[in-house]
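Student: One structure, pasted below without further comment.
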Amino acid sequence: MKTFETIQTELRAGTTTCERLTGEYLGTIEAGSGLNAFLSVFSEKAVAQARLVDRKLADGTAGKLAGMVVSIKDVICVKDERVTCGSKILEQFISPYNATVVDRLVAEDAIIVGKNNMDEFAMGSSTENSAYGRVKLVQDETRVPGGSSGGSAVAVRAGMATVSLGSDTGGSIRQPASFTGVVGLKPTYGRVSRFGLVAFASSFDSIGSLALTTRDCAQVLNVIAGHDERDSTSAKIPVPDFTSALDKNVIGLRVGIPKEYFGEGLDPDVRTAVEKSIDTLKKNGATVEEVSLPHTEYTIATYYILATAEASSNLARYDGARYGYRAKKARDLAGMYTASRSEGFGSEVKRRIMLGTYVLSAGYYDAYYRKGQKVRRLIQQDFLKAFDSVDCLITPTAPTTAFKAGEKVDDPLTMYLSDIYTTSANLAGIPGISVPFGKDHQGLPIGVQILGRQFDEATILKVADFLESAS
Ligand code: GLN
């Protein structure tokens with residue numbers, strides 16, 4: 001397994017080439033196909049791109065990401081390739097264009113190697129909701145890698161890609177990063193263009209990266225961040241060089257510990273690891289204080305009301321006529337809609353559409369949707385207030401380490417609790433990162449989450465990089 005930094009050193013020293021590297025990654029993908037982390041692999045295109053980048057390296061015109069081999073969660077569009085979103089309803093759908101993030105990566109000479117398996121339409125916390133079978137945790141195949149970007153996390157952990165792009169609506173980058181032992185960054189809402197990301201819940205969705213190191217996530221953010229006229233919610237805010245924040249210095253940093261994130265349901269091993277990470281920061285010159293986010297107990301309910309409302313509206317477009325799957329036997333238009341959706345969507349997606357349609361229906365809109373919007377604002381204000389006195393917050397990423405496959409699939413509420421510490425960042429639009437810090441008594445990775453102010457990815461990257469080197 002190689003970090004991008006190592007790859008860059010080797011390319012400079014002439015001890016490898018992009019073509020050779022790409023061949024190695026493709027070999028690892030092939031050998032690890034049983035993990036089910038990929039839904040498509042672009043072998044020929046990737047090798048052709050690698051040869052091109054080798055030529056550019058030779059004549060000194062290569063971009064910043066030359067030699068980085070990237071896989072993409074199958075909810076982000078790559079031109080002329082399938083984008084299934086882990087769903088049967090889009091099984092045959094070919095994307096006519098590249099997402100902005102893909103254009104930006106390729107413009108800097110990254111090599112796109114394939115698309116990763118995921119929970120259907122990014123709904124899930126275990127990657128068991130894919131229409132194409134579950135993804136297995138590399139460390140123990142009887143366990144799940146988290147979700148919904150489980151394919152991306154396993155691809156990075158198993159050495160099938162240097163970096164993977166994922167999407168995070170309620171934790172789908174950070175939680176699988178935590179389960180698999182990689183770094184996962186969800187940038188501020190609006191920092192990265194969502195053009196070409198298939199929508200789940202538009203006011204929550206963010207594209208981010210999973211990688212072996214914080215530095216690699218920072219390098220990718222440097223390239224994918226910034227305004228895009230094709231996404232009106234992308235912010236017109238300057239993009240700093242995020243790698244320059246990685247100075248291994250936390251002296252004077254003010255760290256907040258939200259007391260509500262250490263309550264019932266938190267695994268003792270996870271608690272111990274997070275406390276150890278806090279001690280490490282303290283010993284190295286950071287000041288630590290307890291803070292309160294009083295509306296924390298409402299985050300899961302608020303998230304599942306608002307995200308399902310947005311999902312029910314976004315997923316209305318899959319009607320059997322405009323995209324993808326169409327049922328064969330229907331007799332009339334309404335029957336065709338019903339049959340296409342009934343046969344095309346899996347059960348978790350149907351559950352969310354029904355829940356979302358319910359909370360948006362005329363009689364319940366005020367009681368659920370409007371109330372949810374109000375609570376969302378209160379949750380945002382909790383964070384604003386906390387960030388008056390501290391520069392970042394440290395929490396567990398998830399309440400447990402990787403659980404067994406099958407353990408939670410029949411109990412959606414328990415599954416939803418996997419997101420108890422991550423959904424708040426999406427409700428508030430703030431950036432969050434999960435960094436591996438220690439292992440539990442079974443040897444499974446534990447993730448520490450660092451949350452920061454809007455558009456201050458630099459601080460959370462700095463803290464993650466510090467903890468990474470101290471763990
Ligand atoms: N696990 C959460 C859900 O099922 C988050 C998903 C995500 O971030 N895409 O909605």
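Starting from 1 in every chain, residues are counted up; chains themselves are A, B, ... following the order of the structure tokens, and ligands are numbered from 1 as listed.
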Write out as a list in words the residues lying within 7 Å of range 282-295 of chain A, counting only C-alpha atoms and excluding same-chain residues fewer than 6 positions away.
Tutor: Val250, Ile251, Gly252, Leu253, Arg254, Val255, Gly256, Ile257, Pro258, Lys259, Glu260, Leu378, Ile379, Asp382, Phe383 and Ala386 of chain A
Student: Near range 71-81 of chain A, counting only C-alpha atoms, which residues have an atom at most 10 Å away, once you skip same-chain residues fewer than 5 positions from it, shown as a ChimeraX atom specification?
Tutor: /A:37-42,86-87,92-103,111-122,148-153,155-156,160-167,194-200,207,209-210
Student: For the interface of chain A with ligand 1 (cut-off 6 Å, counting only C-alpha atoms and all ligand atoms), please tabulate each contacting residue of chain A alongside its nearest pair of atoms and their separation in Å to one decimal, rows sorted by chain and increasing number, as a Markdown table.
Tutor:
| residue | atom | partner | partner_atom_place_in_ligand_line | distance |
| --- | --- | --- | --- | --- |
| A:Ala122 | CA | ligand 1 | 9 (N) | 4.2 |
| A:Met123 | CA | ligand 1 | 4 (O) | 3.9 |
| A:Gly124 | CA | ligand 1 | 4 (O) | 3.5 |
| A:Ser125 | CA | ligand 1 | 1 (N) | 4.1 |
| A:Ser148 | CA | ligand 1 | 9 (N) | 5.5 |
| A:Asp168 | CA | ligand 1 | 8 (O) | 3.9 |
| A:Thr169 | CA | ligand 1 | 8 (O) | 3.4 |
| A:Gly170 | CA | ligand 1 | 8 (O) | 3.6 |
| A:Gly171 | CA | ligand 1 | 8 (O) | 4.2 |
| A:Ser172 | CA | ligand 1 | 8 (O) | 3.5 |
| A:Asp419 | CA | ligand 1 | 1 (N) | 5.8 |
Student: Identify, with DSSP run on backbone atoms, the residues in range 211-446 of chain A assigned to strand (DSSP E), and express the list as a PyMOL selection string.
Tutor: chain A and resi 211+254-258+287-291+392-396+432-439+445-446
Student: So which one's closest to Asp391 in chain A, A:Pro436, A:Gly452, A:Gly146, A:Gly356? Using only C-alpha atoms, please.
Tutor: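 The answer is A:Gly452, which sits nearest to Asp391 in chain A.
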Student: Looking only at the backbone, which of the residues in range 49-122 of chain A does DSSP tag as alpha helix (DSSP H), as a tab-separated table (two decimals) with C-alpha atoms, in the first residue's frame?
Tutor:
chain	number	residue	atom	x	y	z
A	49	GLN	CA	-4.16	7.48	-19.10
A	50	ALA	CA	-1.14	6.24	-17.11
A	51	ARG	CA	0.98	6.13	-20.29
A	52	LEU	CA	-0.08	9.66	-21.12
A	53	VAL	CA	0.86	10.85	-17.62
A	54	ASP	CA	4.24	9.10	-17.91
A	55	ARG	CA	4.90	11.09	-21.09
A	56	LYS	CA	3.88	14.31	-19.37
A	57	LEU	CA	6.17	13.52	-16.43
A	58	ALA	CA	9.02	12.96	-18.86
A	100	THR	CA	-16.85	18.55	-11.92
A	101	VAL	CA	-14.70	16.72	-9.34
A	102	VAL	CA	-13.75	14.12	-11.94
A	103	ASP	CA	-12.87	16.81	-14.51
A	104	ARG	CA	-10.70	18.53	-11.92
A	105	LEU	CA	-8.88	15.33	-10.91
A	106	VAL	CA	-8.20	14.38	-14.52
A	107	ALA	CA	-7.02	17.91	-15.36
Student: Might you pull out every residue within 8 Å of Thr400 in chain A, with only C-alpha atoms counted and same-chain residues fewer than 3 positions away left off, and present them as a ChimeraX atom specification?
Tutor: /A:266-267,270,403,418
Student: Which one is closest to Gly438 in chain A: A:Arg82, A:Lys276, A:Lys2, A:Lys136? Count only C-alpha atoms.
Tutor: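 Result for the nearest residue to Gly438 in chain A: A:Lys276.
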Student: Env of Gly23 in chain A: 10 Å cut, atoms = only C-alpha atoms, seq-sep filter 3 positions within chain, self excluded. Answer as an MDAnalysis selection string.
Tutor: chainID A and resid 17:20 26:29 43 46:47 50
Student: Using only C-alpha atoms, which of the listed residues (A:Lys88, A:Lys439, A:Lys371, A:Lys45) sits closest to Arg271 in chain A?
Tutor: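 Of A:Lys88, A:Lys439, A:Lys371, A:Lys45, the one nearest Arg271 in chain A is A:Lys439, counting only C-alpha atoms.
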Student: To one decimal in Å, tell me the separation between CA of Ala367 in chain A and CA of Ser202 in chain A.
Tutor: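 Computing the Euclidean distance for CA of Ala367 in chain A and CA of Ser202 in chain A yields 21.5 Å.
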Student: With distances taken over only C-alpha atoms, which residue among A:Leu451, A:Ile300, A:Val183, A:Ala405 lies nearest Ile420 in chain A?
Tutor: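 Going through A:Leu451, A:Ile300, A:Val183, A:Ala405 one by one, the smallest distance to Ile420 in chain A is for A:Ile300.
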Student: If I take CA of Thr423 in chain A and CA of Ile237 in chain A, how far is one from the other in Å, to one decimal?
Tutor: 24.1 Å
Student: Env of range 327-333 of chain A: 12 Å cut, atoms = only C-alpha atoms, seq-sep filter 5 positions within chain, self excluded. Answer as a list in words.
Tutor: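 Returned residues: Lys88, Ile89, Tyr318, Asp319, Gly320, Ala321, Thr338, Ala339, Ser340, Arg341, Ser342, Glu343, Gly344 and Phe345 of chain A.
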Student: Using N, CA, C and O atoms, can you write the selected residues to a file as an mmCIF file, in the first residue's frame?
Tutor:
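In the end it all went to out_33.cif:
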data_model
loop_
_atom_site.group_PDB
_atom_site.id
_atom_site.type_symbol
_atom_site.label_atom_id
_atom_site.label_comp_id
_atom_site.auth_asym_id
_atom_site.auth_seq_id
_atom_site.Cartn_x
_atom_site.Cartn_y
_atom_site.Cartn_z
ATOM 1 N N LYS A 88 -30.568 -1.179 -8.739
ATOM 2 C CA LYS A 88 -30.991 -1.882 -9.945
ATOM 3 C C LYS A 88 -31.639 -0.892 -10.920
ATOM 4 O O LYS A 88 -31.583 -1.063 -12.132
ATOM 5 N N ILE A 89 -32.250 0.154 -10.374
ATOM 6 C CA ILE A 89 -33.006 1.074 -11.238
ATOM 7 C C ILE A 89 -32.084 1.812 -12.218
ATOM 8 O O ILE A 89 -32.527 2.244 -13.280
ATOM 9 N N TYR A 318 -36.969 8.936 -10.936
ATOM 10 C CA TYR A 318 -36.814 7.563 -11.455
ATOM 11 C C TYR A 318 -38.204 6.979 -11.651
ATOM 12 O O TYR A 318 -38.764 6.360 -10.757
ATOM 13 N N ASP A 319 -38.756 7.240 -12.824
ATOM 14 C CA ASP A 319 -40.156 6.893 -13.061
ATOM 15 C C ASP A 319 -40.309 5.847 -14.161
ATOM 16 O O ASP A 319 -41.403 5.575 -14.629
ATOM 17 N N GLY A 320 -39.197 5.294 -14.615
ATOM 18 C CA GLY A 320 -39.277 4.282 -15.672
ATOM 19 C C GLY A 320 -39.272 4.910 -17.060
ATOM 20 O O GLY A 320 -39.128 4.212 -18.060
ATOM 21 N N ALA A 321 -39.450 6.232 -17.136
ATOM 22 C CA ALA A 321 -39.498 6.891 -18.441
ATOM 23 C C ALA A 321 -38.209 7.656 -18.715
ATOM 24 O O ALA A 321 -37.608 7.531 -19.772
ATOM 25 N N THR A 338 -45.524 2.680 -11.173
ATOM 26 C CA THR A 338 -45.552 1.895 -9.941
ATOM 27 C C THR A 338 -44.678 0.648 -10.060
ATOM 28 O O THR A 338 -43.863 0.356 -9.182
ATOM 29 N N ALA A 339 -44.845 -0.054 -11.167
ATOM 30 C CA ALA A 339 -44.097 -1.308 -11.312
ATOM 31 C C ALA A 339 -42.600 -1.023 -11.453
ATOM 32 O O ALA A 339 -41.775 -1.731 -10.868
ATOM 33 N N SER A 340 -42.231 0.020 -12.200
ATOM 34 C CA SER A 340 -40.801 0.306 -12.390
ATOM 35 C C SER A 340 -40.154 0.643 -11.059
ATOM 36 O O SER A 340 -39.059 0.167 -10.748
ATOM 37 N N ARG A 341 -40.826 1.448 -10.254
ATOM 38 C CA ARG A 341 -40.265 1.842 -8.964
ATOM 39 C C ARG A 341 -40.287 0.667 -7.967
ATOM 40 O O ARG A 341 -39.335 0.477 -7.212
ATOM 41 N N SER A 342 -41.354 -0.106 -7.995
ATOM 42 C CA SER A 342 -41.442 -1.239 -7.062
ATOM 43 C C SER A 342 -40.363 -2.270 -7.356
ATOM 44 O O SER A 342 -39.762 -2.837 -6.447
ATOM 45 N N GLU A 343 -40.115 -2.517 -8.640
ATOM 46 C CA GLU A 343 -39.115 -3.524 -9.003
ATOM 47 C C GLU A 343 -37.695 -2.966 -8.975
ATOM 48 O O GLU A 343 -36.740 -3.699 -8.741
ATOM 49 N N GLY A 344 -37.565 -1.647 -9.222
ATOM 50 C CA GLY A 344 -36.227 -1.057 -9.365
ATOM 51 C C GLY A 344 -35.551 -0.680 -8.066
ATOM 52 O O GLY A 344 -34.333 -0.769 -7.940
ATOM 53 N N PHE A 345 -36.336 -0.244 -7.084
ATOM 54 C CA PHE A 345 -35.745 0.203 -5.813
ATOM 55 C C PHE A 345 -35.683 -0.934 -4.795
ATOM 56 O O PHE A 345 -36.595 -1.770 -4.728
#
Student: I'd like the contact shell of Thr214 in chain A - 12 Å cut-off, only C-alpha atoms, skipping same-chain residues fewer than 4 positions apart - returned as a PyMOL selection string.
Tutor: chain A and resi 3-5+163+177+182-186+209-210+218-221+242-243+245-248+433-436+457-469
